[in-house]
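Q: Dropping in data.cif, with mmCIF, N, CA and C atoms.
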data_entry
loop_
_atom_site.label_atom_id
_atom_site.label_comp_id
_atom_site.auth_asym_id
_atom_site.auth_seq_id
_atom_site.Cartn_x
_atom_site.Cartn_y
_atom_site.Cartn_z
N MET L 272 32.95 -7.63 -2.95
CA MET L 272 32.68 -8.83 -2.21
C MET L 272 33.21 -10.03 -2.96
N ARG L 273 33.03 -10.03 -4.28
CA ARG L 273 33.53 -11.16 -5.06
C ARG L 273 35.04 -11.31 -4.94
N SER L 274 35.73 -10.20 -5.04
CA SER L 274 37.20 -10.29 -4.95
C SER L 274 37.62 -10.73 -3.55
N ALA L 275 36.93 -10.26 -2.53
CA ALA L 275 37.24 -10.68 -1.17
C ALA L 275 36.96 -12.16 -1.00
N GLN L 276 35.88 -12.63 -1.61
CA GLN L 276 35.54 -14.06 -1.53
C GLN L 276 36.61 -14.89 -2.23
N ARG L 277 37.02 -14.46 -3.41
CA ARG L 277 38.07 -15.20 -4.14
C ARG L 277 39.38 -15.21 -3.33
N ALA L 278 39.72 -14.07 -2.75
CA ALA L 278 40.97 -13.96 -1.99
C ALA L 278 40.95 -14.90 -0.78
N ILE L 279 39.84 -14.95 -0.05
CA ILE L 279 39.79 -15.81 1.13
C ILE L 279 39.76 -17.28 0.72
N GLU L 280 39.10 -17.59 -0.40
CA GLU L 280 39.09 -18.97 -0.89
C GLU L 280 40.49 -19.42 -1.28
N ALA L 281 41.21 -18.52 -1.96
CA ALA L 281 42.59 -18.85 -2.36
C ALA L 281 43.47 -19.01 -1.13
N ALA L 282 43.32 -18.14 -0.15
CA ALA L 282 44.12 -18.23 1.07
C ALA L 282 43.78 -19.50 1.84
N THR L 283 42.53 -19.89 1.84
CA THR L 283 42.12 -21.11 2.54
C THR L 283 42.64 -22.34 1.81
N ALA L 284 42.61 -22.31 0.48
CA ALA L 284 43.10 -23.44 -0.30
C ALA L 284 44.61 -23.63 -0.10
N ALA L 285 45.32 -22.54 0.15
CA ALA L 285 46.76 -22.60 0.35
C ALA L 285 47.12 -22.93 1.80
N GLY L 286 46.14 -23.11 2.63
CA GLY L 286 46.36 -23.33 4.06
C GLY L 286 45.48 -22.39 4.83
N ALA L 287 45.76 -22.17 6.07
CA ALA L 287 44.96 -21.25 6.89
C ALA L 287 45.25 -19.82 6.47
N PRO L 288 44.21 -19.01 6.25
CA PRO L 288 44.44 -17.61 5.89
C PRO L 288 45.10 -16.86 7.05
N ASP L 289 45.98 -15.91 6.72
CA ASP L 289 46.62 -15.14 7.79
C ASP L 289 45.59 -14.18 8.40
N PRO L 290 45.84 -13.70 9.60
CA PRO L 290 44.87 -12.83 10.28
C PRO L 290 44.50 -11.58 9.48
N ALA L 291 45.42 -11.01 8.77
CA ALA L 291 45.11 -9.80 7.98
C ALA L 291 44.13 -10.13 6.86
N ALA L 292 44.31 -11.28 6.21
CA ALA L 292 43.39 -11.69 5.14
C ALA L 292 42.01 -11.97 5.72
N ALA L 293 41.97 -12.61 6.88
CA ALA L 293 40.69 -12.90 7.52
C ALA L 293 39.98 -11.60 7.90
N ARG L 294 40.71 -10.64 8.47
CA ARG L 294 40.11 -9.35 8.84
C ARG L 294 39.59 -8.61 7.60
N ALA L 295 40.37 -8.66 6.53
CA ALA L 295 39.94 -7.99 5.29
C ALA L 295 38.66 -8.62 4.76
N TYR L 296 38.60 -9.95 4.82
CA TYR L 296 37.40 -10.65 4.35
C TYR L 296 36.20 -10.29 5.21
N LEU L 297 36.38 -10.32 6.52
CA LEU L 297 35.28 -9.99 7.43
C LEU L 297 34.81 -8.55 7.24
N ALA L 298 35.73 -7.64 6.99
CA ALA L 298 35.36 -6.24 6.74
C ALA L 298 34.56 -6.13 5.44
N ALA L 299 34.98 -6.88 4.41
CA ALA L 299 34.24 -6.85 3.14
C ALA L 299 32.84 -7.42 3.32
N VAL L 300 32.72 -8.50 4.08
CA VAL L 300 31.40 -9.09 4.33
C VAL L 300 30.53 -8.11 5.10
N ARG L 301 31.11 -7.44 6.10
CA ARG L 301 30.35 -6.47 6.89
C ARG L 301 29.84 -5.33 6.00
N ARG L 302 30.71 -4.76 5.16
CA ARG L 302 30.30 -3.67 4.26
C ARG L 302 29.17 -4.14 3.34
N TYR L 303 29.33 -5.34 2.80
CA TYR L 303 28.36 -5.88 1.85
C TYR L 303 26.98 -6.01 2.50
N PHE L 304 26.94 -6.65 3.67
CA PHE L 304 25.65 -6.89 4.30
C PHE L 304 25.10 -5.66 5.01
N ALA L 305 25.95 -4.76 5.44
CA ALA L 305 25.47 -3.52 6.06
C ALA L 305 24.65 -2.71 5.05
N GLY L 306 25.06 -2.72 3.80
CA GLY L 306 24.29 -2.04 2.76
C GLY L 306 22.91 -2.63 2.59
N PHE L 307 22.83 -3.95 2.58
CA PHE L 307 21.53 -4.61 2.49
C PHE L 307 20.66 -4.30 3.70
N GLU L 308 21.28 -4.26 4.87
CA GLU L 308 20.52 -3.96 6.09
C GLU L 308 19.96 -2.54 6.03
N ARG L 309 20.77 -1.58 5.62
CA ARG L 309 20.29 -0.18 5.49
C ARG L 309 19.12 -0.11 4.52
N GLU L 310 19.27 -0.79 3.40
CA GLU L 310 18.21 -0.79 2.39
C GLU L 310 16.94 -1.42 2.95
N ALA L 311 17.07 -2.53 3.65
CA ALA L 311 15.90 -3.20 4.22
C ALA L 311 15.24 -2.33 5.29
N ARG L 312 16.03 -1.65 6.11
CA ARG L 312 15.46 -0.78 7.14
C ARG L 312 14.72 0.41 6.51
N ALA L 313 15.28 0.96 5.46
CA ALA L 313 14.62 2.07 4.76
C ALA L 313 13.30 1.60 4.15
N HIS L 314 13.32 0.41 3.58
CA HIS L 314 12.11 -0.15 2.99
C HIS L 314 11.06 -0.39 4.08
N LEU L 315 11.49 -0.91 5.23
CA LEU L 315 10.58 -1.15 6.34
C LEU L 315 9.94 0.16 6.82
N ARG L 316 10.74 1.22 6.93
CA ARG L 316 10.18 2.52 7.34
C ARG L 316 9.12 2.98 6.34
N ASP L 317 9.40 2.80 5.06
CA ASP L 317 8.44 3.20 4.03
C ASP L 317 7.16 2.39 4.14
N VAL L 318 7.29 1.09 4.30
CA VAL L 318 6.11 0.23 4.42
C VAL L 318 5.32 0.59 5.68
N ASP L 319 6.01 0.84 6.78
CA ASP L 319 5.32 1.22 8.02
C ASP L 319 4.53 2.51 7.83
N LYS L 320 5.12 3.50 7.14
CA LYS L 320 4.41 4.76 6.89
C LYS L 320 3.18 4.51 6.03
N ARG L 321 3.32 3.66 5.03
CA ARG L 321 2.19 3.36 4.15
C ARG L 321 1.09 2.62 4.91
N LEU L 322 1.48 1.69 5.79
CA LEU L 322 0.49 0.98 6.60
C LEU L 322 -0.23 1.92 7.56
N GLU L 323 0.52 2.85 8.14
CA GLU L 323 -0.08 3.84 9.03
C GLU L 323 -1.14 4.65 8.28
N HIS L 324 -0.80 5.06 7.07
CA HIS L 324 -1.75 5.81 6.25
C HIS L 324 -2.97 4.96 5.92
N ALA L 325 -2.73 3.71 5.53
CA ALA L 325 -3.85 2.82 5.19
C ALA L 325 -4.75 2.60 6.40
N ASN L 326 -4.17 2.42 7.58
CA ASN L 326 -4.97 2.25 8.79
C ASN L 326 -5.80 3.49 9.09
N GLN L 327 -5.22 4.66 8.85
CA GLN L 327 -5.97 5.91 9.07
C GLN L 327 -7.13 6.00 8.11
N VAL L 328 -6.92 5.60 6.86
CA VAL L 328 -7.99 5.63 5.86
C VAL L 328 -9.10 4.67 6.28
N VAL L 329 -8.75 3.47 6.74
CA VAL L 329 -9.76 2.50 7.19
C VAL L 329 -10.54 3.07 8.38
N PHE L 330 -9.82 3.68 9.32
CA PHE L 330 -10.48 4.28 10.49
C PHE L 330 -11.48 5.35 10.05
N ASN L 331 -11.04 6.24 9.16
CA ASN L 331 -11.90 7.32 8.69
C ASN L 331 -13.12 6.78 7.94
N LEU L 332 -12.90 5.78 7.08
CA LEU L 332 -14.03 5.21 6.33
C LEU L 332 -15.01 4.50 7.26
N THR L 333 -14.50 3.84 8.29
CA THR L 333 -15.37 3.19 9.26
C THR L 333 -16.23 4.22 9.99
N ALA L 334 -15.62 5.35 10.35
CA ALA L 334 -16.38 6.42 11.00
C ALA L 334 -17.43 6.99 10.05
N GLU L 335 -17.07 7.21 8.80
CA GLU L 335 -18.03 7.71 7.81
C GLU L 335 -19.18 6.74 7.63
N ARG L 336 -18.86 5.46 7.61
CA ARG L 336 -19.90 4.43 7.45
C ARG L 336 -20.86 4.49 8.63
N GLY L 337 -20.32 4.65 9.84
CA GLY L 337 -21.17 4.74 11.03
C GLY L 337 -22.13 5.92 10.94
N VAL L 338 -21.64 7.05 10.46
CA VAL L 338 -22.49 8.23 10.29
C VAL L 338 -23.58 7.94 9.27
N ALA L 339 -23.22 7.30 8.16
CA ALA L 339 -24.21 6.99 7.12
C ALA L 339 -25.29 6.04 7.66
N VAL L 340 -24.88 5.04 8.45
CA VAL L 340 -25.86 4.11 9.03
C VAL L 340 -26.80 4.84 9.96
N LYS L 341 -26.28 5.77 10.78
CA LYS L 341 -27.14 6.54 11.68
C LYS L 341 -28.11 7.41 10.89
N ARG L 342 -27.65 7.98 9.78
CA ARG L 342 -28.54 8.80 8.95
C ARG L 342 -29.66 7.94 8.37
N ILE L 343 -29.29 6.75 7.91
CA ILE L 343 -30.29 5.84 7.34
C ILE L 343 -31.31 5.47 8.41
N ASP L 344 -30.84 5.15 9.61
CA ASP L 344 -31.75 4.81 10.71
C ASP L 344 -32.68 5.98 11.03
N ALA L 345 -32.12 7.18 11.12
CA ALA L 345 -32.92 8.36 11.47
C ALA L 345 -33.94 8.68 10.37
N THR L 346 -33.50 8.71 9.14
CA THR L 346 -34.43 9.04 8.05
C THR L 346 -35.44 7.91 7.85
N GLY L 347 -35.00 6.67 8.09
CA GLY L 347 -35.94 5.54 7.99
C GLY L 347 -37.05 5.66 9.01
N GLY L 348 -36.70 6.13 10.21
CA GLY L 348 -37.72 6.34 11.24
C GLY L 348 -38.72 7.40 10.83
N VAL L 349 -38.25 8.48 10.27
CA VAL L 349 -39.14 9.55 9.81
C VAL L 349 -40.03 9.04 8.69
N LEU L 350 -39.45 8.33 7.73
CA LEU L 350 -40.25 7.81 6.60
C LEU L 350 -41.27 6.79 7.08
N ALA L 351 -40.90 5.96 8.05
CA ALA L 351 -41.86 4.99 8.59
C ALA L 351 -43.00 5.71 9.28
N ALA L 352 -42.69 6.77 10.01
CA ALA L 352 -43.75 7.54 10.66
C ALA L 352 -44.67 8.19 9.63
N LEU L 353 -44.11 8.69 8.55
CA LEU L 353 -44.92 9.27 7.46
C LEU L 353 -45.83 8.23 6.85
N ASP L 354 -45.31 7.03 6.64
CA ASP L 354 -46.12 5.94 6.08
C ASP L 354 -47.31 5.66 6.98
N LEU L 355 -47.07 5.63 8.29
CA LEU L 355 -48.18 5.39 9.22
C LEU L 355 -49.22 6.52 9.18
N MET L 356 -48.73 7.76 9.08
CA MET L 356 -49.65 8.90 9.02
C MET L 356 -50.48 8.87 7.75
N GLU L 357 -49.84 8.46 6.67
CA GLU L 357 -50.59 8.41 5.38
C GLU L 357 -51.64 7.31 5.40
N LYS L 358 -51.37 6.23 6.07
CA LYS L 358 -52.33 5.12 6.15
C LYS L 358 -53.49 5.45 7.09
N ASP L 359 -53.18 6.16 8.16
CA ASP L 359 -54.20 6.51 9.16
C ASP L 359 -54.04 7.99 9.50
N PRO L 360 -54.60 8.88 8.66
CA PRO L 360 -54.40 10.31 8.86
C PRO L 360 -55.03 10.84 10.14
N ALA L 361 -55.87 10.12 10.78
CA ALA L 361 -56.56 10.65 11.97
C ALA L 361 -55.73 10.56 13.18
#
Represent the supplied structure as structure tokens.

A:
Amino acid sequence: MRSAQRAIEAATAAGAPDPAAARAYLAAVRRYFAGFEREARAHLRDVDKRLEHANQVVFNLTAERGVAVKRIDATGGVLAALDLMEKDPA
């Protein structure tokens, strides 16, 4: 990319670059940025997979929490009933 940049700058300084020089420069720019785009897309896929996993973990933990709350409510009811029986055994 650097050499293509220098070549197009030199051609521009000497006047208008010829079509072949312009095409060569545009091809170099395309190759350069296409690599960055591929890298960014791969990174995005990785991040999306990690987010999907994190969301699944949050979903599972939320479900587990709901079960724990129901257990607490159920056992709390039994313990409250026992407390009442112990206070008034009749």

Q: Written as a list in words, what is the full residue list that the PyMOL selection byres ((chain L and resi 296-307) around 8) yields on the file shown?

A: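 With the PyMOL selection byres ((chain L and resi 296-307) around 8) on this model, the match is Met272, Ser274, Ala275, Gln276, Ala278, Ile279, Pro290, Ala291, Ala292, Ala293, Arg294, Ala295, Glu308, Arg309, Glu310, Ala311, Arg312 and Ala313 of chain L.
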
Q: Is it possible to get the axis-aligned box enclosing range 322-330 of chain L (all listed atoms, 4 Å extra per side) as lines of an AutoDock Vina configuration file, with centre and edge lengths in Å rounded to one decimal?

A:
center_x = -5.0
center_y = 3.5
center_z = 7.8
size_x = 21.0
size_y = 13.0
size_z = 13.3

Q: Separation of CA of Ala334 in chain L and CA of Asp319 in chain L, in Å?

A: 22.5 Å

Q: Grab the atom C of Met356 in chain L to atom C of Ile343 in chain L distance for me, in Å with one decimal place.

A: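 The value is 19.5 Å.
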